[in-house]
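Heads up, the thing below is written out as structure tokens.
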Amino acid sequence: MSSTDLSPTALREAFGHFPTGVIAIAAEVDGTRVGLAASTFVPVSLDPPLVSFCVQNSSTTWPKLADRPVLGISVLGEAHDQAAKTLAAKTGDRFAGLETKSTDGGAVFIHGTSVWLESTIEQLVPAGDHIIVLLRVSAITVHDDVAPIVFHRSAFRKLGQ
């Protein structure tokens with residue numbers, strides 16, 4: 001591969017060399033759980049508490065979540081390799097086989113994950129073929145006994161000890 005090859009395929013491969021965590025972003029929409037998976041999660045600020053993720057402009061799920069008053073972010077654990085694939089699927093029940101918890105405000109969290117962040121949208125930033133979603137965190141729950149899953153070179157992996 002040439003160092004000047006900036007095709008989408010070459011960029012996806014190059015970006016895939018950077019290991020990332022995987023999150024689920026979810027909420028209830030008209031009584032139904034709606035969610036998606038993202039591997040672009042970034043802690044942004046401690047004061048105020050802000051995090052971000054990126055979502056493709058072509059997503060058909062994001063518009064359903066974008067107007068929710070509160071969103072749940074679950075940092076997926078080692079046991080969630082199949083769940084990450086299901087949450088990223090274009091069709092079917094994205095929560096099949098997953099135990100979830102919904103808050104009174106409508107945030108949806110997945111059991112067995114390492115961190116839950118209840119959040120609201122702070123800002124949307126257009127960024128090429130994606131939108132950067134900046135979220136303000138209003139509540140956290142940490143499950144210390146759950147190790148995160150890592151997405152690296154198009155595969156889900158566990159952290160080494």
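FYI, nothing fancy with the structure tokens labels: chains A, B, ... in order, residues from 1 per chain, ligands from 1 as they appear.
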
Give one line per residue of segment 21-109 of chain A that approaches segment 132-156 of chain A to at most 12 Å, naming the two atoms of the closest pair and their distance in Å to one decimal, counting only C-alpha atoms; sort by chain then ascending residue number and deliver it as JSON lines.
{"residue": "A:Gly21", "atom": "CA", "partner": "A:Val150", "partner_atom": "CA", "distance": 4.7}
{"residue": "A:Val22", "atom": "CA", "partner": "A:Val150", "partner_atom": "CA", "distance": 6.5}
{"residue": "A:Ile23", "atom": "CA", "partner": "A:Ile149", "partner_atom": "CA", "distance": 9.2}
{"residue": "A:Ala24", "atom": "CA", "partner": "A:Ile149", "partner_atom": "CA", "distance": 11.9}
{"residue": "A:Ile25", "atom": "CA", "partner": "A:Leu135", "partner_atom": "CA", "distance": 11.1}
{"residue": "A:Ala37", "atom": "CA", "partner": "A:Phe151", "partner_atom": "CA", "distance": 11.4}
{"residue": "A:Ala38", "atom": "CA", "partner": "A:Phe151", "partner_atom": "CA", "distance": 9.9}
{"residue": "A:Ser39", "atom": "CA", "partner": "A:Phe151", "partner_atom": "CA", "distance": 7.0}
{"residue": "A:Thr40", "atom": "CA", "partner": "A:Ile132", "partner_atom": "CA", "distance": 9.3}
{"residue": "A:Phe41", "atom": "CA", "partner": "A:Val133", "partner_atom": "CA", "distance": 9.6}
{"residue": "A:Val42", "atom": "CA", "partner": "A:Leu134", "partner_atom": "CA", "distance": 9.5}
{"residue": "A:Pro43", "atom": "CA", "partner": "A:Leu135", "partner_atom": "CA", "distance": 9.7}
{"residue": "A:Val44", "atom": "CA", "partner": "A:Leu134", "partner_atom": "CA", "distance": 8.4}
{"residue": "A:Ser45", "atom": "CA", "partner": "A:Arg136", "partner_atom": "CA", "distance": 9.2}
{"residue": "A:Leu46", "atom": "CA", "partner": "A:Val137", "partner_atom": "CA", "distance": 9.6}
{"residue": "A:Asp47", "atom": "CA", "partner": "A:Arg136", "partner_atom": "CA", "distance": 10.0}
{"residue": "A:Pro48", "atom": "CA", "partner": "A:Arg136", "partner_atom": "CA", "distance": 7.4}
{"residue": "A:Pro49", "atom": "CA", "partner": "A:Val137", "partner_atom": "CA", "distance": 5.5}
{"residue": "A:Leu50", "atom": "CA", "partner": "A:Arg136", "partner_atom": "CA", "distance": 4.6}
{"residue": "A:Val51", "atom": "CA", "partner": "A:Leu135", "partner_atom": "CA", "distance": 5.3}
{"residue": "A:Ser52", "atom": "CA", "partner": "A:Leu134", "partner_atom": "CA", "distance": 4.5}
{"residue": "A:Phe53", "atom": "CA", "partner": "A:Val133", "partner_atom": "CA", "distance": 5.5}
{"residue": "A:Cys54", "atom": "CA", "partner": "A:Ile132", "partner_atom": "CA", "distance": 4.5}
{"residue": "A:Val55", "atom": "CA", "partner": "A:Ile132", "partner_atom": "CA", "distance": 6.7}
{"residue": "A:Gln56", "atom": "CA", "partner": "A:Ile132", "partner_atom": "CA", "distance": 9.0}
{"residue": "A:Asn57", "atom": "CA", "partner": "A:Ile132", "partner_atom": "CA", "distance": 10.0}
{"residue": "A:Trp62", "atom": "CA", "partner": "A:Val133", "partner_atom": "CA", "distance": 10.3}
{"residue": "A:Leu65", "atom": "CA", "partner": "A:Val133", "partner_atom": "CA", "distance": 11.3}
{"residue": "A:Ala66", "atom": "CA", "partner": "A:Val133", "partner_atom": "CA", "distance": 9.2}
{"residue": "A:Pro69", "atom": "CA", "partner": "A:Leu135", "partner_atom": "CA", "distance": 11.4}
{"residue": "A:Val70", "atom": "CA", "partner": "A:Ser138", "partner_atom": "CA", "distance": 9.3}
{"residue": "A:Leu71", "atom": "CA", "partner": "A:Leu135", "partner_atom": "CA", "distance": 8.9}
{"residue": "A:Gly72", "atom": "CA", "partner": "A:Val137", "partner_atom": "CA", "distance": 9.6}
{"residue": "A:Ile73", "atom": "CA", "partner": "A:Ile140", "partner_atom": "CA", "distance": 9.5}
{"residue": "A:Ser74", "atom": "CA", "partner": "A:Thr141", "partner_atom": "CA", "distance": 9.6}
{"residue": "A:Val75", "atom": "CA", "partner": "A:Pro148", "partner_atom": "CA", "distance": 6.9}
{"residue": "A:Leu76", "atom": "CA", "partner": "A:Pro148", "partner_atom": "CA", "distance": 5.8}
{"residue": "A:Gly77", "atom": "CA", "partner": "A:Pro148", "partner_atom": "CA", "distance": 4.0}
{"residue": "A:Glu78", "atom": "CA", "partner": "A:Ile149", "partner_atom": "CA", "distance": 4.4}
{"residue": "A:Ala79", "atom": "CA", "partner": "A:Ile149", "partner_atom": "CA", "distance": 7.5}
{"residue": "A:His80", "atom": "CA", "partner": "A:Ile149", "partner_atom": "CA", "distance": 7.1}
{"residue": "A:Asp81", "atom": "CA", "partner": "A:Phe156", "partner_atom": "CA", "distance": 6.0}
{"residue": "A:Gln82", "atom": "CA", "partner": "A:Phe156", "partner_atom": "CA", "distance": 9.1}
{"residue": "A:Ala83", "atom": "CA", "partner": "A:Phe156", "partner_atom": "CA", "distance": 10.8}
{"residue": "A:Ala84", "atom": "CA", "partner": "A:Phe156", "partner_atom": "CA", "distance": 8.6}
{"residue": "A:Lys85", "atom": "CA", "partner": "A:Phe156", "partner_atom": "CA", "distance": 9.4}
{"residue": "A:Thr103", "atom": "CA", "partner": "A:Ala139", "partner_atom": "CA", "distance": 11.2}
{"residue": "A:Gly105", "atom": "CA", "partner": "A:Ser138", "partner_atom": "CA", "distance": 11.7}
{"residue": "A:Ala107", "atom": "CA", "partner": "A:Ala139", "partner_atom": "CA", "distance": 11.0}
{"residue": "A:Phe109", "atom": "CA", "partner": "A:Thr141", "partner_atom": "CA", "distance": 10.3}

Okay, now the selection with N, CA and C atoms, as a short mmCIF file (atom, residue, chain, number, x, y, z; two decimals), in the first residue's frame?
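Final output, again-v3.cif:
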data_model
loop_
_atom_site.label_atom_id
_atom_site.label_comp_id
_atom_site.auth_asym_id
_atom_site.auth_seq_id
_atom_site.Cartn_x
_atom_site.Cartn_y
_atom_site.Cartn_z
N GLY A 21 -12.03 0.96 22.46
CA GLY A 21 -13.11 0.31 23.19
C GLY A 21 -14.36 0.35 22.34
N VAL A 22 -15.38 -0.35 22.79
CA VAL A 22 -16.65 -0.39 22.06
C VAL A 22 -17.76 -0.04 23.04
N ILE A 23 -18.65 0.85 22.60
CA ILE A 23 -19.77 1.25 23.44
C ILE A 23 -21.08 0.96 22.73
N ALA A 24 -22.12 0.88 23.53
CA ALA A 24 -23.49 0.87 23.02
C ALA A 24 -24.11 2.18 23.45
N ILE A 25 -24.80 2.85 22.54
CA ILE A 25 -25.56 4.05 22.84
C ILE A 25 -27.01 3.65 22.66
N ALA A 37 -23.87 0.50 18.11
CA ALA A 37 -22.52 0.30 18.65
C ALA A 37 -21.59 1.32 18.01
N ALA A 38 -20.58 1.74 18.76
CA ALA A 38 -19.58 2.65 18.23
C ALA A 38 -18.22 2.32 18.83
N SER A 39 -17.19 2.45 18.01
CA SER A 39 -15.82 2.23 18.51
C SER A 39 -15.04 3.54 18.46
N THR A 40 -15.77 4.66 18.49
CA THR A 40 -15.14 5.97 18.41
C THR A 40 -15.35 6.78 19.68
N PHE A 41 -15.51 6.12 20.80
CA PHE A 41 -15.77 6.78 22.08
C PHE A 41 -14.51 7.45 22.60
N VAL A 42 -14.67 8.69 23.09
CA VAL A 42 -13.53 9.44 23.63
C VAL A 42 -13.98 10.22 24.86
N PRO A 43 -13.32 10.04 26.01
CA PRO A 43 -13.54 10.96 27.13
C PRO A 43 -12.99 12.33 26.71
N VAL A 44 -13.73 13.40 26.97
CA VAL A 44 -13.34 14.72 26.50
C VAL A 44 -12.93 15.65 27.62
N SER A 45 -13.75 15.75 28.68
CA SER A 45 -13.52 16.75 29.72
C SER A 45 -14.01 16.24 31.07
N LEU A 46 -13.29 16.62 32.13
CA LEU A 46 -13.73 16.30 33.48
C LEU A 46 -14.64 17.38 34.04
N ASP A 47 -14.41 18.63 33.64
CA ASP A 47 -15.20 19.75 34.14
C ASP A 47 -15.50 20.73 33.01
N PRO A 48 -16.67 20.64 32.42
CA PRO A 48 -17.78 19.76 32.76
C PRO A 48 -17.52 18.34 32.27
N PRO A 49 -18.25 17.36 32.80
CA PRO A 49 -18.05 15.97 32.38
C PRO A 49 -18.59 15.73 30.97
N LEU A 50 -17.68 15.59 30.00
CA LEU A 50 -18.07 15.42 28.60
C LEU A 50 -17.38 14.21 28.00
N VAL A 51 -18.10 13.52 27.13
CA VAL A 51 -17.56 12.42 26.33
C VAL A 51 -18.06 12.62 24.90
N SER A 52 -17.48 11.87 23.96
CA SER A 52 -17.96 11.98 22.59
C SER A 52 -17.85 10.63 21.88
N PHE A 53 -18.58 10.53 20.79
CA PHE A 53 -18.44 9.42 19.86
C PHE A 53 -18.81 9.96 18.49
N CYS A 54 -18.47 9.21 17.46
CA CYS A 54 -18.79 9.61 16.09
C CYS A 54 -19.78 8.62 15.50
N VAL A 55 -20.68 9.14 14.67
CA VAL A 55 -21.67 8.31 14.00
C VAL A 55 -21.73 8.72 12.53
N GLN A 56 -21.88 7.72 11.66
CA GLN A 56 -21.94 7.99 10.23
C GLN A 56 -23.19 8.80 9.88
N ASN A 57 -23.02 9.73 8.94
CA ASN A 57 -24.17 10.51 8.46
C ASN A 57 -25.24 9.60 7.88
N TRP A 62 -29.27 6.55 14.24
CA TRP A 62 -28.96 7.78 14.97
C TRP A 62 -30.11 8.79 14.96
N LEU A 65 -32.33 8.31 17.82
CA LEU A 65 -31.77 8.60 19.14
C LEU A 65 -31.48 10.08 19.36
N ALA A 66 -31.27 10.81 18.28
CA ALA A 66 -30.77 12.18 18.36
C ALA A 66 -31.68 13.15 19.11
N PRO A 69 -34.22 12.75 25.21
CA PRO A 69 -33.76 13.65 26.28
C PRO A 69 -32.55 13.09 27.05
N VAL A 70 -32.39 11.77 27.02
CA VAL A 70 -31.27 11.15 27.73
C VAL A 70 -30.85 9.89 26.97
N LEU A 71 -29.55 9.65 26.94
CA LEU A 71 -28.99 8.47 26.27
C LEU A 71 -28.17 7.67 27.28
N GLY A 72 -28.21 6.36 27.15
CA GLY A 72 -27.38 5.49 27.96
C GLY A 72 -26.18 5.02 27.15
N ILE A 73 -25.02 5.12 27.76
CA ILE A 73 -23.80 4.59 27.14
C ILE A 73 -23.32 3.44 28.01
N SER A 74 -23.13 2.28 27.40
CA SER A 74 -22.60 1.11 28.08
C SER A 74 -21.27 0.75 27.44
N VAL A 75 -20.21 0.69 28.25
CA VAL A 75 -18.89 0.28 27.74
C VAL A 75 -18.88 -1.24 27.73
N LEU A 76 -18.87 -1.82 26.53
CA LEU A 76 -19.02 -3.27 26.41
C LEU A 76 -17.85 -4.02 27.01
N GLY A 77 -18.16 -5.20 27.59
CA GLY A 77 -17.16 -6.03 28.24
C GLY A 77 -16.68 -7.16 27.35
N GLU A 78 -15.71 -7.90 27.86
CA GLU A 78 -15.09 -9.00 27.10
C GLU A 78 -16.10 -10.02 26.57
N ALA A 79 -17.17 -10.21 27.29
CA ALA A 79 -18.16 -11.21 26.89
C ALA A 79 -19.11 -10.69 25.81
N HIS A 80 -18.92 -9.47 25.34
CA HIS A 80 -19.87 -8.86 24.42
C HIS A 80 -19.43 -8.82 22.96
N ASP A 81 -18.55 -9.73 22.54
CA ASP A 81 -18.14 -9.69 21.13
C ASP A 81 -19.33 -9.92 20.20
N GLN A 82 -20.20 -10.86 20.52
CA GLN A 82 -21.38 -11.09 19.68
C GLN A 82 -22.37 -9.95 19.82
N ALA A 83 -22.51 -9.41 21.03
CA ALA A 83 -23.43 -8.29 21.24
C ALA A 83 -23.00 -7.08 20.43
N ALA A 84 -21.71 -6.83 20.34
CA ALA A 84 -21.22 -5.71 19.55
C ALA A 84 -21.61 -5.87 18.08
N LYS A 85 -21.52 -7.09 17.57
CA LYS A 85 -21.91 -7.35 16.18
C LYS A 85 -23.41 -7.17 16.00
N THR A 103 -33.84 3.52 32.48
CA THR A 103 -34.07 4.50 33.54
C THR A 103 -35.42 5.16 33.32
N GLY A 105 -35.91 8.17 32.76
CA GLY A 105 -35.75 9.14 31.69
C GLY A 105 -35.66 8.52 30.31
N ALA A 107 -33.05 6.26 29.28
CA ALA A 107 -31.73 5.72 28.93
C ALA A 107 -31.77 4.21 29.08
N PHE A 109 -29.36 0.74 29.41
CA PHE A 109 -28.03 0.22 29.72
C PHE A 109 -28.01 -1.30 29.57
#

From a backbone DSSP assignment, name each residue in segment 1-84 of chain A labelled alpha helix (DSSP H), as JSON, numbers by chain. {"A": [8, 9, 10, 11, 12, 13, 14, 15, 62, 63, 64, 65, 81, 82, 83, 84]}

Could you please take those selected residues and save N, CA, C and O atoms as a PDB file, in the first residue's frame?
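Below is the file that was written, selection36.pdb:
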ATOM      1  N   PRO A   8     -11.042   5.125   0.889  1.00  0.00           N
ATOM      2  CA  PRO A   8     -11.752   4.685   2.093  1.00  0.00           C
ATOM      3  C   PRO A   8     -11.253   3.332   2.613  1.00  0.00           C
ATOM      4  O   PRO A   8     -11.141   3.124   3.818  1.00  0.00           O
ATOM      5  N   THR A   9     -10.943   2.413   1.707  1.00  0.00           N
ATOM      6  CA  THR A   9     -10.463   1.092   2.126  1.00  0.00           C
ATOM      7  C   THR A   9      -9.117   1.211   2.831  1.00  0.00           C
ATOM      8  O   THR A   9      -8.904   0.612   3.894  1.00  0.00           O
ATOM      9  N   ALA A  10      -8.205   1.987   2.256  1.00  0.00           N
ATOM     10  CA  ALA A  10      -6.884   2.159   2.861  1.00  0.00           C
ATOM     11  C   ALA A  10      -6.983   2.889   4.196  1.00  0.00           C
ATOM     12  O   ALA A  10      -6.305   2.525   5.171  1.00  0.00           O
ATOM     13  N   LEU A  11      -7.825   3.904   4.268  1.00  0.00           N
ATOM     14  CA  LEU A  11      -7.996   4.636   5.527  1.00  0.00           C
ATOM     15  C   LEU A  11      -8.601   3.750   6.600  1.00  0.00           C
ATOM     16  O   LEU A  11      -8.162   3.760   7.752  1.00  0.00           O
ATOM     17  N   ARG A  12      -9.632   2.963   6.241  1.00  0.00           N
ATOM     18  CA  ARG A  12     -10.255   2.056   7.219  1.00  0.00           C
ATOM     19  C   ARG A  12      -9.224   1.077   7.771  1.00  0.00           C
ATOM     20  O   ARG A  12      -9.170   0.811   8.974  1.00  0.00           O
ATOM     21  N   GLU A  13      -8.382   0.536   6.886  1.00  0.00           N
ATOM     22  CA  GLU A  13      -7.348  -0.391   7.332  1.00  0.00           C
ATOM     23  C   GLU A  13      -6.340   0.306   8.244  1.00  0.00           C
ATOM     24  O   GLU A  13      -5.978  -0.212   9.299  1.00  0.00           O
ATOM     25  N   ALA A  14      -5.897   1.480   7.847  1.00  0.00           N
ATOM     26  CA  ALA A  14      -4.927   2.220   8.655  1.00  0.00           C
ATOM     27  C   ALA A  14      -5.515   2.597  10.011  1.00  0.00           C
ATOM     28  O   ALA A  14      -4.872   2.403  11.055  1.00  0.00           O
ATOM     29  N   PHE A  15      -6.738   3.141  10.022  1.00  0.00           N
ATOM     30  CA  PHE A  15      -7.373   3.527  11.280  1.00  0.00           C
ATOM     31  C   PHE A  15      -7.615   2.317  12.174  1.00  0.00           C
ATOM     32  O   PHE A  15      -7.612   2.423  13.396  1.00  0.00           O
ATOM     33  N   TRP A  62     -29.270   6.555  14.238  1.00  0.00           N
ATOM     34  CA  TRP A  62     -28.957   7.780  14.972  1.00  0.00           C
ATOM     35  C   TRP A  62     -30.110   8.789  14.957  1.00  0.00           C
ATOM     36  O   TRP A  62     -30.423   9.372  16.005  1.00  0.00           O
ATOM     37  N   PRO A  63     -30.784   9.030  13.838  1.00  0.00           N
ATOM     38  CA  PRO A  63     -31.893   9.988  13.883  1.00  0.00           C
ATOM     39  C   PRO A  63     -32.974   9.626  14.901  1.00  0.00           C
ATOM     40  O   PRO A  63     -33.638  10.509  15.446  1.00  0.00           O
ATOM     41  N   LYS A  64     -33.142   8.348  15.195  1.00  0.00           N
ATOM     42  CA  LYS A  64     -34.125   7.920  16.200  1.00  0.00           C
ATOM     43  C   LYS A  64     -33.652   8.261  17.610  1.00  0.00           C
ATOM     44  O   LYS A  64     -34.470   8.468  18.511  1.00  0.00           O
ATOM     45  N   LEU A  65     -32.332   8.314  17.820  1.00  0.00           N
ATOM     46  CA  LEU A  65     -31.774   8.599  19.139  1.00  0.00           C
ATOM     47  C   LEU A  65     -31.480  10.083  19.360  1.00  0.00           C
ATOM     48  O   LEU A  65     -31.435  10.552  20.495  1.00  0.00           O
ATOM     49  N   ASP A  81     -18.555  -9.726  22.535  1.00  0.00           N
ATOM     50  CA  ASP A  81     -18.137  -9.692  21.130  1.00  0.00           C
ATOM     51  C   ASP A  81     -19.326  -9.916  20.199  1.00  0.00           C
ATOM     52  O   ASP A  81     -19.501  -9.208  19.205  1.00  0.00           O
ATOM     53  N   GLN A  82     -20.203 -10.861  20.516  1.00  0.00           N
ATOM     54  CA  GLN A  82     -21.380 -11.091  19.684  1.00  0.00           C
ATOM     55  C   GLN A  82     -22.373  -9.946  19.822  1.00  0.00           C
ATOM     56  O   GLN A  82     -22.998  -9.524  18.848  1.00  0.00           O
ATOM     57  N   ALA A  83     -22.512  -9.415  21.027  1.00  0.00           N
ATOM     58  CA  ALA A  83     -23.429  -8.294  21.245  1.00  0.00           C
ATOM     59  C   ALA A  83     -22.998  -7.081  20.430  1.00  0.00           C
ATOM     60  O   ALA A  83     -23.845  -6.372  19.871  1.00  0.00           O
ATOM     61  N   ALA A  84     -21.711  -6.835  20.338  1.00  0.00           N
ATOM     62  CA  ALA A  84     -21.221  -5.705  19.546  1.00  0.00           C
ATOM     63  C   ALA A  84     -21.611  -5.870  18.078  1.00  0.00           C
ATOM     64  O   ALA A  84     -22.022  -4.906  17.425  1.00  0.00           O
TER      65      ALA A  84
END

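Between Gly31 of chain A and the candidates A:Val115, A:Val108, A:Val125, A:Leu159, the tightest atom-to-atom separation, counting only C-alpha atoms, involves A:Val108.
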
Residues of chain A in strand (DSSP E or B), written as a VMD selection string: chain A and resid 20 to 21 23 to 29 32 to 38 42 to 45 50 to 56 71 to 75 77 100 to 102 107 to 110 115 to 127 130 to 142 148 to 152 155 to 158

Can you spit out the residues from that selection as a short mmCIF file (atom, residue, chain, number, x, y, z; two decimals), in the first residue's frame, using C-alpha atoms?
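Wrote it out as selection-v1.cif, contents follow:
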data_model
loop_
_atom_site.label_atom_id
_atom_site.label_comp_id
_atom_site.auth_asym_id
_atom_site.auth_seq_id
_atom_site.Cartn_x
_atom_site.Cartn_y
_atom_site.Cartn_z
CA THR A 20 -10.45 1.20 20.69
CA GLY A 21 -13.11 0.31 23.19
CA ILE A 23 -19.77 1.25 23.44
CA ALA A 24 -23.49 0.87 23.02
CA ILE A 25 -25.56 4.05 22.84
CA ALA A 26 -29.19 3.31 23.62
CA ALA A 27 -32.53 4.76 24.66
CA GLU A 28 -36.19 3.91 24.66
CA VAL A 29 -38.11 5.31 21.71
CA THR A 32 -38.88 0.20 22.20
CA ARG A 33 -35.16 -0.15 22.88
CA VAL A 34 -33.12 1.52 20.15
CA GLY A 35 -29.34 1.43 20.07
CA LEU A 36 -26.15 1.26 18.11
CA ALA A 37 -22.52 0.30 18.65
CA ALA A 38 -19.58 2.65 18.23
CA VAL A 42 -13.53 9.44 23.63
CA PRO A 43 -13.54 10.96 27.13
CA VAL A 44 -13.34 14.72 26.50
CA SER A 45 -13.52 16.75 29.72
CA LEU A 50 -18.07 15.42 28.60
CA VAL A 51 -17.56 12.42 26.33
CA SER A 52 -17.96 11.98 22.59
CA PHE A 53 -18.44 9.42 19.86
CA CYS A 54 -18.79 9.61 16.09
CA VAL A 55 -21.67 8.31 14.00
CA GLN A 56 -21.94 7.99 10.23
CA LEU A 71 -28.99 8.47 26.27
CA GLY A 72 -27.38 5.49 27.96
CA ILE A 73 -23.80 4.59 27.14
CA SER A 74 -22.60 1.11 28.08
CA VAL A 75 -18.89 0.28 27.74
CA GLY A 77 -17.16 -6.03 28.24
CA THR A 100 -30.96 -4.34 29.79
CA LYS A 101 -32.04 -1.75 32.32
CA SER A 102 -34.04 1.35 31.42
CA ALA A 107 -31.73 5.72 28.93
CA VAL A 108 -31.02 2.05 28.23
CA PHE A 109 -28.03 0.22 29.72
CA ILE A 110 -26.70 -3.27 29.03
CA VAL A 115 -19.35 1.36 32.79
CA TRP A 116 -22.74 3.01 32.41
CA LEU A 117 -22.90 6.72 31.57
CA GLU A 118 -26.22 8.53 31.56
CA SER A 119 -25.89 11.51 29.25
CA THR A 120 -27.54 14.26 27.25
CA ILE A 121 -26.49 15.70 23.92
CA GLU A 122 -24.39 18.82 24.41
CA GLN A 123 -23.42 19.52 20.80
CA LEU A 124 -23.38 17.95 17.33
CA VAL A 125 -20.38 18.74 15.13
CA PRO A 126 -20.43 17.90 11.40
CA ALA A 127 -17.18 16.13 10.46
CA HIS A 130 -19.66 11.54 10.27
CA ILE A 131 -21.15 13.61 13.08
CA ILE A 132 -19.20 14.09 16.30
CA VAL A 133 -21.69 13.75 19.15
CA LEU A 134 -20.59 15.57 22.30
CA LEU A 135 -22.43 14.34 25.40
CA ARG A 136 -22.67 15.72 28.92
CA VAL A 137 -22.53 12.97 31.55
CA SER A 138 -25.12 13.25 34.33
CA ALA A 139 -24.59 9.92 36.14
CA ILE A 140 -22.06 7.09 36.18
CA THR A 141 -22.02 3.50 37.36
CA VAL A 142 -18.73 1.57 37.30
CA PRO A 148 -13.61 -4.12 28.41
CA ILE A 149 -13.65 -5.52 24.90
CA VAL A 150 -11.27 -3.95 22.36
CA PHE A 151 -11.81 -3.46 18.63
CA HIS A 152 -8.54 -3.75 16.69
CA ALA A 155 -11.75 -7.90 15.18
CA PHE A 156 -12.91 -7.92 18.80
CA ARG A 157 -10.14 -8.75 21.26
CA LYS A 158 -9.52 -9.09 24.98
#

Residue with the minimum atom-to-atom distance to Thr61 of chain A, picked from A:Ser7, A:Glu99, A:Lys90, A:Gly112 with only C-alpha atoms counted, is A:Lys90

Can you tell me how far atom CA of Asp93 of chain A sits from atom CA of Ser58 of chain A, in Å to one decimal? 19.5 Å

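Straight-line separation from atom CA of Asp5 of chain A to atom CA of Ala89 of chain A: 28.7 Å.
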